[in-house]
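Here's the structure, in structure tokens; my notes come after.
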Amino acid sequence: QFDLTRALCAAHSRGVLVRVLTDHDQLEAAAGCQVEQLLRDGIQVRCGAPSLYMHHKFVLIDKKTIATGSLNWTRAGIYRNHENVIISTDIPIVQPFSEEFEKLWYKYTP
């Protein structure tokens, strides 16, 4: 069984820059969410204000690949829910997601 948290932590331990944006509610240990483990392993995690809901659902890899869709990146989303994900390396599709991620990353600077 694939463990996304373990994969992110392993990548981080190999020196890969791993950054996670989520909504504030995920710090409240929502079922299936592993934000606390990411933080313990030294992965940078930033959250929006408690009054805001982060509804983006995408993974950006090296600013060259985007995975986006309805998938909630939780165990339930991966193993139990009916979800969809589209993966693209088409730069005109990837670029707006990269820009949005960077905008939000700096907006939510701790």
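In the structure tokens, chains take the letters A, B, ... in the order shown, each chain's residues start at 1, and ligands count up from 1 in the order shown.
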Practice prompt. Compile the contact shell of Val85 of chain A as a count of residues only: residues with an atom at most 7 Å away, counting only C-alpha atoms, same-chain residues fewer than 3 positions apart removed.
Written response: 5
Report as a PDB file with all heavy atoms, in the first residue's frame all protein, DNA and RNA residues lying within 12 Å of segment 35-42 of chain A, evaluated on only C-alpha atoms, omitting residues in the same chain fewer than 6 positions from it.
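Generated file (around-v1.pdb):
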ATOM      1  N   LEU A   4       1.777   8.055   0.954  1.00  0.00           N
ATOM      2  CA  LEU A   4       2.202   9.351   0.441  1.00  0.00           C
ATOM      3  C   LEU A   4       3.085  10.084   1.442  1.00  0.00           C
ATOM      4  O   LEU A   4       4.111  10.665   1.068  1.00  0.00           O
ATOM      5  CB  LEU A   4       0.986  10.205   0.075  1.00  0.00           C
ATOM      6  CG  LEU A   4       1.262  11.601  -0.460  1.00  0.00           C
ATOM      7  CD1 LEU A   4       2.082  11.543  -1.742  1.00  0.00           C
ATOM      8  CD2 LEU A   4      -0.052  12.334  -0.697  1.00  0.00           C
ATOM      9  N   THR A   5       2.726  10.055   2.704  1.00  0.00           N
ATOM     10  CA  THR A   5       3.526  10.743   3.724  1.00  0.00           C
ATOM     11  C   THR A   5       4.933  10.167   3.771  1.00  0.00           C
ATOM     12  O   THR A   5       5.908  10.910   3.797  1.00  0.00           O
ATOM     13  CB  THR A   5       2.854  10.629   5.103  1.00  0.00           C
ATOM     14  OG1 THR A   5       1.556  11.212   5.007  1.00  0.00           O
ATOM     15  CG2 THR A   5       3.655  11.341   6.170  1.00  0.00           C
ATOM     16  N   ARG A   6       5.031   8.848   3.775  1.00  0.00           N
ATOM     17  CA  ARG A   6       6.351   8.203   3.804  1.00  0.00           C
ATOM     18  C   ARG A   6       7.165   8.581   2.560  1.00  0.00           C
ATOM     19  O   ARG A   6       8.365   8.846   2.646  1.00  0.00           O
ATOM     20  CB  ARG A   6       6.204   6.691   3.912  1.00  0.00           C
ATOM     21  CG  ARG A   6       7.531   6.010   4.187  1.00  0.00           C
ATOM     22  CD  ARG A   6       7.391   4.520   4.414  1.00  0.00           C
ATOM     23  NE  ARG A   6       6.343   4.242   5.375  1.00  0.00           N
ATOM     24  CZ  ARG A   6       5.581   3.172   5.353  1.00  0.00           C
ATOM     25  NH1 ARG A   6       5.722   2.260   4.420  1.00  0.00           N
ATOM     26  NH2 ARG A   6       4.649   2.979   6.270  1.00  0.00           N
ATOM     27  N   ALA A   7       6.512   8.631   1.402  1.00  0.00           N
ATOM     28  CA  ALA A   7       7.202   8.997   0.167  1.00  0.00           C
ATOM     29  C   ALA A   7       7.709  10.434   0.219  1.00  0.00           C
ATOM     30  O   ALA A   7       8.840  10.723  -0.191  1.00  0.00           O
ATOM     31  CB  ALA A   7       6.276   8.798  -1.033  1.00  0.00           C
ATOM     32  N   LEU A   8       6.897  11.352   0.745  1.00  0.00           N
ATOM     33  CA  LEU A   8       7.332  12.748   0.864  1.00  0.00           C
ATOM     34  C   LEU A   8       8.494  12.879   1.846  1.00  0.00           C
ATOM     35  O   LEU A   8       9.461  13.598   1.586  1.00  0.00           O
ATOM     36  CB  LEU A   8       6.165  13.632   1.299  1.00  0.00           C
ATOM     37  CG  LEU A   8       5.050  13.830   0.280  1.00  0.00           C
ATOM     38  CD1 LEU A   8       3.893  14.591   0.899  1.00  0.00           C
ATOM     39  CD2 LEU A   8       5.559  14.525  -0.966  1.00  0.00           C
ATOM     40  N   CYS A   9       8.398  12.183   2.963  1.00  0.00           N
ATOM     41  CA  CYS A   9       9.471  12.238   3.968  1.00  0.00           C
ATOM     42  C   CYS A   9      10.755  11.628   3.425  1.00  0.00           C
ATOM     43  O   CYS A   9      11.851  12.144   3.679  1.00  0.00           O
ATOM     44  CB  CYS A   9       9.034  11.550   5.262  1.00  0.00           C
ATOM     45  SG  CYS A   9       7.714  12.455   6.120  1.00  0.00           S
ATOM     46  N   ALA A  10      10.642  10.549   2.667  1.00  0.00           N
ATOM     47  CA  ALA A  10      11.823   9.926   2.070  1.00  0.00           C
ATOM     48  C   ALA A  10      12.462  10.862   1.046  1.00  0.00           C
ATOM     49  O   ALA A  10      13.694  11.001   1.005  1.00  0.00           O
ATOM     50  CB  ALA A  10      11.450   8.597   1.426  1.00  0.00           C
ATOM     51  N   ALA A  11      11.649  11.509   0.227  1.00  0.00           N
ATOM     52  CA  ALA A  11      12.183  12.472  -0.741  1.00  0.00           C
ATOM     53  C   ALA A  11      12.896  13.607  -0.021  1.00  0.00           C
ATOM     54  O   ALA A  11      14.003  14.014  -0.401  1.00  0.00           O
ATOM     55  CB  ALA A  11      11.054  13.006  -1.624  1.00  0.00           C
ATOM     56  N   HIS A  12      12.277  14.111   1.027  1.00  0.00           N
ATOM     57  CA  HIS A  12      12.881  15.192   1.821  1.00  0.00           C
ATOM     58  C   HIS A  12      14.228  14.744   2.390  1.00  0.00           C
ATOM     59  O   HIS A  12      15.208  15.497   2.358  1.00  0.00           O
ATOM     60  CB  HIS A  12      11.922  15.606   2.936  1.00  0.00           C
ATOM     61  CG  HIS A  12      12.482  16.609   3.873  1.00  0.00           C
ATOM     62  ND1 HIS A  12      12.727  17.922   3.516  1.00  0.00           N
ATOM     63  CD2 HIS A  12      12.864  16.494   5.168  1.00  0.00           C
ATOM     64  CE1 HIS A  12      13.227  18.578   4.542  1.00  0.00           C
ATOM     65  NE2 HIS A  12      13.322  17.729   5.559  1.00  0.00           N
ATOM     66  N   SER A  13      14.303  13.518   2.894  1.00  0.00           N
ATOM     67  CA  SER A  13      15.557  13.029   3.488  1.00  0.00           C
ATOM     68  C   SER A  13      16.647  12.851   2.432  1.00  0.00           C
ATOM     69  O   SER A  13      17.833  12.872   2.761  1.00  0.00           O
ATOM     70  CB  SER A  13      15.332  11.728   4.256  1.00  0.00           C
ATOM     71  OG  SER A  13      15.065  10.667   3.371  1.00  0.00           O
ATOM     72  N   GLY A  15      17.104  15.067   0.163  1.00  0.00           N
ATOM     73  CA  GLY A  15      17.476  16.420  -0.229  1.00  0.00           C
ATOM     74  C   GLY A  15      16.528  17.077  -1.208  1.00  0.00           C
ATOM     75  O   GLY A  15      16.788  18.183  -1.669  1.00  0.00           O
ATOM     76  N   VAL A  16      15.423  16.432  -1.523  1.00  0.00           N
ATOM     77  CA  VAL A  16      14.418  17.017  -2.416  1.00  0.00           C
ATOM     78  C   VAL A  16      13.661  18.096  -1.645  1.00  0.00           C
ATOM     79  O   VAL A  16      13.271  17.877  -0.495  1.00  0.00           O
ATOM     80  CB  VAL A  16      13.435  15.933  -2.922  1.00  0.00           C
ATOM     81  CG1 VAL A  16      12.303  16.551  -3.733  1.00  0.00           C
ATOM     82  CG2 VAL A  16      14.171  14.874  -3.727  1.00  0.00           C
ATOM     83  N   LEU A  17      13.484  19.253  -2.264  1.00  0.00           N
ATOM     84  CA  LEU A  17      12.697  20.317  -1.641  1.00  0.00           C
ATOM     85  C   LEU A  17      11.225  19.925  -1.688  1.00  0.00           C
ATOM     86  O   LEU A  17      10.649  19.770  -2.774  1.00  0.00           O
ATOM     87  CB  LEU A  17      12.905  21.641  -2.369  1.00  0.00           C
ATOM     88  CG  LEU A  17      12.048  22.811  -1.889  1.00  0.00           C
ATOM     89  CD1 LEU A  17      12.341  23.133  -0.423  1.00  0.00           C
ATOM     90  CD2 LEU A  17      12.269  24.026  -2.770  1.00  0.00           C
ATOM     91  N   VAL A  18      10.631  19.722  -0.521  1.00  0.00           N
ATOM     92  CA  VAL A  18       9.221  19.374  -0.405  1.00  0.00           C
ATOM     93  C   VAL A  18       8.542  20.494   0.370  1.00  0.00           C
ATOM     94  O   VAL A  18       8.946  20.802   1.496  1.00  0.00           O
ATOM     95  CB  VAL A  18       9.019  18.023   0.328  1.00  0.00           C
ATOM     96  CG1 VAL A  18       7.526  17.718   0.493  1.00  0.00           C
ATOM     97  CG2 VAL A  18       9.738  16.895  -0.401  1.00  0.00           C
ATOM     98  N   ARG A  19       7.536  21.111  -0.249  1.00  0.00           N
ATOM     99  CA  ARG A  19       6.777  22.171   0.414  1.00  0.00           C
ATOM    100  C   ARG A  19       5.301  21.835   0.285  1.00  0.00           C
ATOM    101  O   ARG A  19       4.846  21.420  -0.768  1.00  0.00           O
ATOM    102  CB  ARG A  19       7.051  23.527  -0.227  1.00  0.00           C
ATOM    103  CG  ARG A  19       8.506  23.952  -0.153  1.00  0.00           C
ATOM    104  CD  ARG A  19       8.726  25.341  -0.724  1.00  0.00           C
ATOM    105  NE  ARG A  19       8.419  25.376  -2.147  1.00  0.00           N
ATOM    106  CZ  ARG A  19       8.302  26.507  -2.860  1.00  0.00           C
ATOM    107  NH1 ARG A  19       8.457  27.678  -2.286  1.00  0.00           N
ATOM    108  NH2 ARG A  19       8.028  26.462  -4.142  1.00  0.00           N
ATOM    109  N   VAL A  20       4.558  22.050   1.371  1.00  0.00           N
ATOM    110  CA  VAL A  20       3.141  21.697   1.401  1.00  0.00           C
ATOM    111  C   VAL A  20       2.330  22.917   1.824  1.00  0.00           C
ATOM    112  O   VAL A  20       2.634  23.554   2.825  1.00  0.00           O
ATOM    113  CB  VAL A  20       2.889  20.532   2.385  1.00  0.00           C
ATOM    114  CG1 VAL A  20       1.401  20.250   2.508  1.00  0.00           C
ATOM    115  CG2 VAL A  20       3.659  19.289   1.955  1.00  0.00           C
ATOM    116  N   LEU A  21       1.295  23.214   1.035  1.00  0.00           N
ATOM    117  CA  LEU A  21       0.300  24.228   1.394  1.00  0.00           C
ATOM    118  C   LEU A  21      -0.989  23.508   1.731  1.00  0.00           C
ATOM    119  O   LEU A  21      -1.418  22.620   0.992  1.00  0.00           O
ATOM    120  CB  LEU A  21       0.030  25.161   0.212  1.00  0.00           C
ATOM    121  CG  LEU A  21       1.034  26.251  -0.068  1.00  0.00           C
ATOM    122  CD1 LEU A  21       0.745  26.887  -1.426  1.00  0.00           C
ATOM    123  CD2 LEU A  21       1.016  27.299   1.014  1.00  0.00           C
ATOM    124  N   THR A  22      -1.604  23.871   2.826  1.00  0.00           N
ATOM    125  CA  THR A  22      -2.866  23.239   3.216  1.00  0.00           C
ATOM    126  C   THR A  22      -3.714  24.269   3.936  1.00  0.00           C
ATOM    127  O   THR A  22      -3.271  25.388   4.185  1.00  0.00           O
ATOM    128  CB  THR A  22      -2.597  21.986   4.094  1.00  0.00           C
ATOM    129  OG1 THR A  22      -3.829  21.299   4.304  1.00  0.00           O
ATOM    130  CG2 THR A  22      -1.963  22.351   5.415  1.00  0.00           C
ATOM    131  N   ASP A  23      -4.929  23.882   4.267  1.00  0.00           N
ATOM    132  CA  ASP A  23      -5.740  24.813   5.046  1.00  0.00           C
ATOM    133  C   ASP A  23      -5.486  24.596   6.533  1.00  0.00           C
ATOM    134  O   ASP A  23      -4.954  23.575   6.950  1.00  0.00           O
ATOM    135  CB  ASP A  23      -7.228  24.753   4.694  1.00  0.00           C
ATOM    136  CG  ASP A  23      -7.837  23.403   4.900  1.00  0.00           C
ATOM    137  OD1 ASP A  23      -7.669  22.832   5.987  1.00  0.00           O
ATOM    138  OD2 ASP A  23      -8.503  22.927   3.975  1.00  0.00           O
ATOM    139  N   HIS A  24      -5.845  25.580   7.305  1.00  0.00           N
ATOM    140  CA  HIS A  24      -5.553  25.580   8.737  1.00  0.00           C
ATOM    141  C   HIS A  24      -6.186  24.394   9.453  1.00  0.00           C
ATOM    142  O   HIS A  24      -5.621  23.858  10.412  1.00  0.00           O
ATOM    143  CB  HIS A  24      -6.023  26.896   9.358  1.00  0.00           C
ATOM    144  CG  HIS A  24      -5.486  27.126  10.722  1.00  0.00           C
ATOM    145  ND1 HIS A  24      -6.150  26.715  11.850  1.00  0.00           N
ATOM    146  CD2 HIS A  24      -4.337  27.692  11.142  1.00  0.00           C
ATOM    147  CE1 HIS A  24      -5.434  27.027  12.912  1.00  0.00           C
ATOM    148  NE2 HIS A  24      -4.331  27.619  12.507  1.00  0.00           N
ATOM    149  N   ASP A  25      -7.338  23.944   8.999  1.00  0.00           N
ATOM    150  CA  ASP A  25      -8.028  22.825   9.648  1.00  0.00           C
ATOM    151  C   ASP A  25      -7.191  21.556   9.670  1.00  0.00           C
ATOM    152  O   ASP A  25      -7.350  20.714  10.549  1.00  0.00           O
ATOM    153  CB  ASP A  25      -9.357  22.529   8.961  1.00  0.00           C
ATOM    154  CG  ASP A  25     -10.394  23.614   9.205  1.00  0.00           C
ATOM    155  OD1 ASP A  25     -10.176  24.447  10.110  1.00  0.00           O
ATOM    156  OD2 ASP A  25     -11.407  23.620   8.492  1.00  0.00           O
ATOM    157  N   GLN A  26      -6.285  21.394   8.711  1.00  0.00           N
ATOM    158  CA  GLN A  26      -5.479  20.175   8.652  1.00  0.00           C
ATOM    159  C   GLN A  26      -4.507  20.084   9.828  1.00  0.00           C
ATOM    160  O   GLN A  26      -4.068  18.994  10.187  1.00  0.00           O
ATOM    161  CB  GLN A  26      -4.728  20.074   7.334  1.00  0.00           C
ATOM    162  CG  GLN A  26      -5.640  19.996   6.132  1.00  0.00           C
ATOM    163  CD  GLN A  26      -6.664  18.881   6.227  1.00  0.00           C
ATOM    164  OE1 GLN A  26      -6.367  17.779   6.637  1.00  0.00           O
ATOM    165  NE2 GLN A  26      -7.903  19.176   5.865  1.00  0.00           N
ATOM    166  N   LEU A  27      -4.187  21.193  10.432  1.00  0.00           N
ATOM    167  CA  LEU A  27      -3.328  21.162  11.620  1.00  0.00           C
ATOM    168  C   LEU A  27      -4.086  20.646  12.833  1.00  0.00           C
ATOM    169  O   LEU A  27      -3.488  20.317  13.852  1.00  0.00           O
ATOM    170  CB  LEU A  27      -2.753  22.549  11.915  1.00  0.00           C
ATOM    171  CG  LEU A  27      -1.737  23.049  10.897  1.00  0.00           C
ATOM    172  CD1 LEU A  27      -1.238  24.427  11.307  1.00  0.00           C
ATOM    173  CD2 LEU A  27      -0.593  22.088  10.715  1.00  0.00           C
ATOM    174  N   GLU A  28      -5.401  20.553  12.704  1.00  0.00           N
ATOM    175  CA  GLU A  28      -6.226  20.036  13.792  1.00  0.00           C
ATOM    176  C   GLU A  28      -6.339  18.514  13.724  1.00  0.00           C
ATOM    177  O   GLU A  28      -7.238  17.934  14.302  1.00  0.00           O
ATOM    178  CB  GLU A  28      -7.622  20.675  13.733  1.00  0.00           C
ATOM    179  CG  GLU A  28      -7.613  22.182  13.749  1.00  0.00           C
ATOM    180  CD  GLU A  28      -7.133  22.765  15.055  1.00  0.00           C
ATOM    181  OE1 GLU A  28      -7.510  22.232  16.116  1.00  0.00           O
ATOM    182  OE2 GLU A  28      -6.385  23.750  15.012  1.00  0.00           O
ATOM    183  N   ALA A  29      -5.437  17.874  12.977  1.00  0.00           N
ATOM    184  CA  ALA A  29      -5.356  16.408  12.873  1.00  0.00           C
ATOM    185  C   ALA A  29      -6.623  15.789  12.302  1.00  0.00           C
ATOM    186  O   ALA A  29      -7.213  14.887  12.884  1.00  0.00           O
ATOM    187  CB  ALA A  29      -5.004  15.784  14.212  1.00  0.00           C
ATOM    188  N   TRP A  73      -5.815  14.711  -0.963  1.00  0.00           N
ATOM    189  CA  TRP A  73      -4.557  13.992  -0.774  1.00  0.00           C
ATOM    190  C   TRP A  73      -4.475  13.423   0.635  1.00  0.00           C
ATOM    191  O   TRP A  73      -3.578  13.736   1.411  1.00  0.00           O
ATOM    192  CB  TRP A  73      -3.380  14.906  -1.119  1.00  0.00           C
ATOM    193  CG  TRP A  73      -3.409  15.281  -2.572  1.00  0.00           C
ATOM    194  CD1 TRP A  73      -4.070  16.331  -3.133  1.00  0.00           C
ATOM    195  CD2 TRP A  73      -2.812  14.565  -3.648  1.00  0.00           C
ATOM    196  NE1 TRP A  73      -3.905  16.320  -4.492  1.00  0.00           N
ATOM    197  CE2 TRP A  73      -3.129  15.247  -4.838  1.00  0.00           C
ATOM    198  CE3 TRP A  73      -2.020  13.405  -3.724  1.00  0.00           C
ATOM    199  CZ2 TRP A  73      -2.693  14.819  -6.085  1.00  0.00           C
ATOM    200  CZ3 TRP A  73      -1.589  12.988  -4.963  1.00  0.00           C
ATOM    201  CH2 TRP A  73      -1.924  13.693  -6.134  1.00  0.00           C
ATOM    202  N   THR A  74      -5.446  12.592   0.958  1.00  0.00           N
ATOM    203  CA  THR A  74      -5.527  11.913   2.245  1.00  0.00           C
ATOM    204  C   THR A  74      -5.651  10.422   1.969  1.00  0.00           C
ATOM    205  O   THR A  74      -5.879  10.005   0.823  1.00  0.00           O
ATOM    206  CB  THR A  74      -6.760  12.372   3.046  1.00  0.00           C
ATOM    207  OG1 THR A  74      -7.933  12.002   2.306  1.00  0.00           O
ATOM    208  CG2 THR A  74      -6.758  13.873   3.304  1.00  0.00           C
TER     209      THR A  74
END
Discussion item. List as number ranges by chain the protein and nucleic acid residues near Lys63 of chain A, meaning an atom at most 8 Å away when only C-alpha atoms are counted, but skip any in the same chain fewer than 6 places from it.
Written reply: A: 94-95, 98
Discussion item. As a list in words, please: every residue in segment 24-91 of chain A that a backbone DSSP assignment puts in strand (DSSP E).
Written reply: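 Result set for segment 24-91 of chain A (strand (DSSP E)): Gln44, Val45, Arg46, Cys47, Phe58, Val59, Leu60, Ile61, Thr65, Ile66, Ala67, Thr68, Gly69, Val85, Ile86, Ile87 and Ser88 of chain A.
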Worksheet entry | Residues within 9 Å of Thr65 of chain A, only C-alpha atoms, excluding chain neighbours under 6 positions, as a PyMOL selection string | chain A and resi 59+87-91+94
Discussion item. As a PyMOL selection string, please: every residue in chain A that DSSP puts in alpha helix (DSSP H).
Written reply: chain A and resi 4-13+35-40+75-79+91-107
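Taking atom CA of Tyr106 of chain A and atom CA of Ala49 of chain A as endpoints, the distance between them is 13.1 Å.
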Worksheet item: Looking at only C-alpha atoms, which of A:Ile78, A:Phe58, A:Thr109, A:Tyr53 is the one that sits closest to Phe97 of chain A?
Response: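 With only C-alpha atoms as the atom set, the closest residue is A:Phe58.
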Worksheet item: What gap, in Å, lies between atom CA of Trp105 of chain A and atom CA of Lys64 of chain A?
Response: 17.5 Å
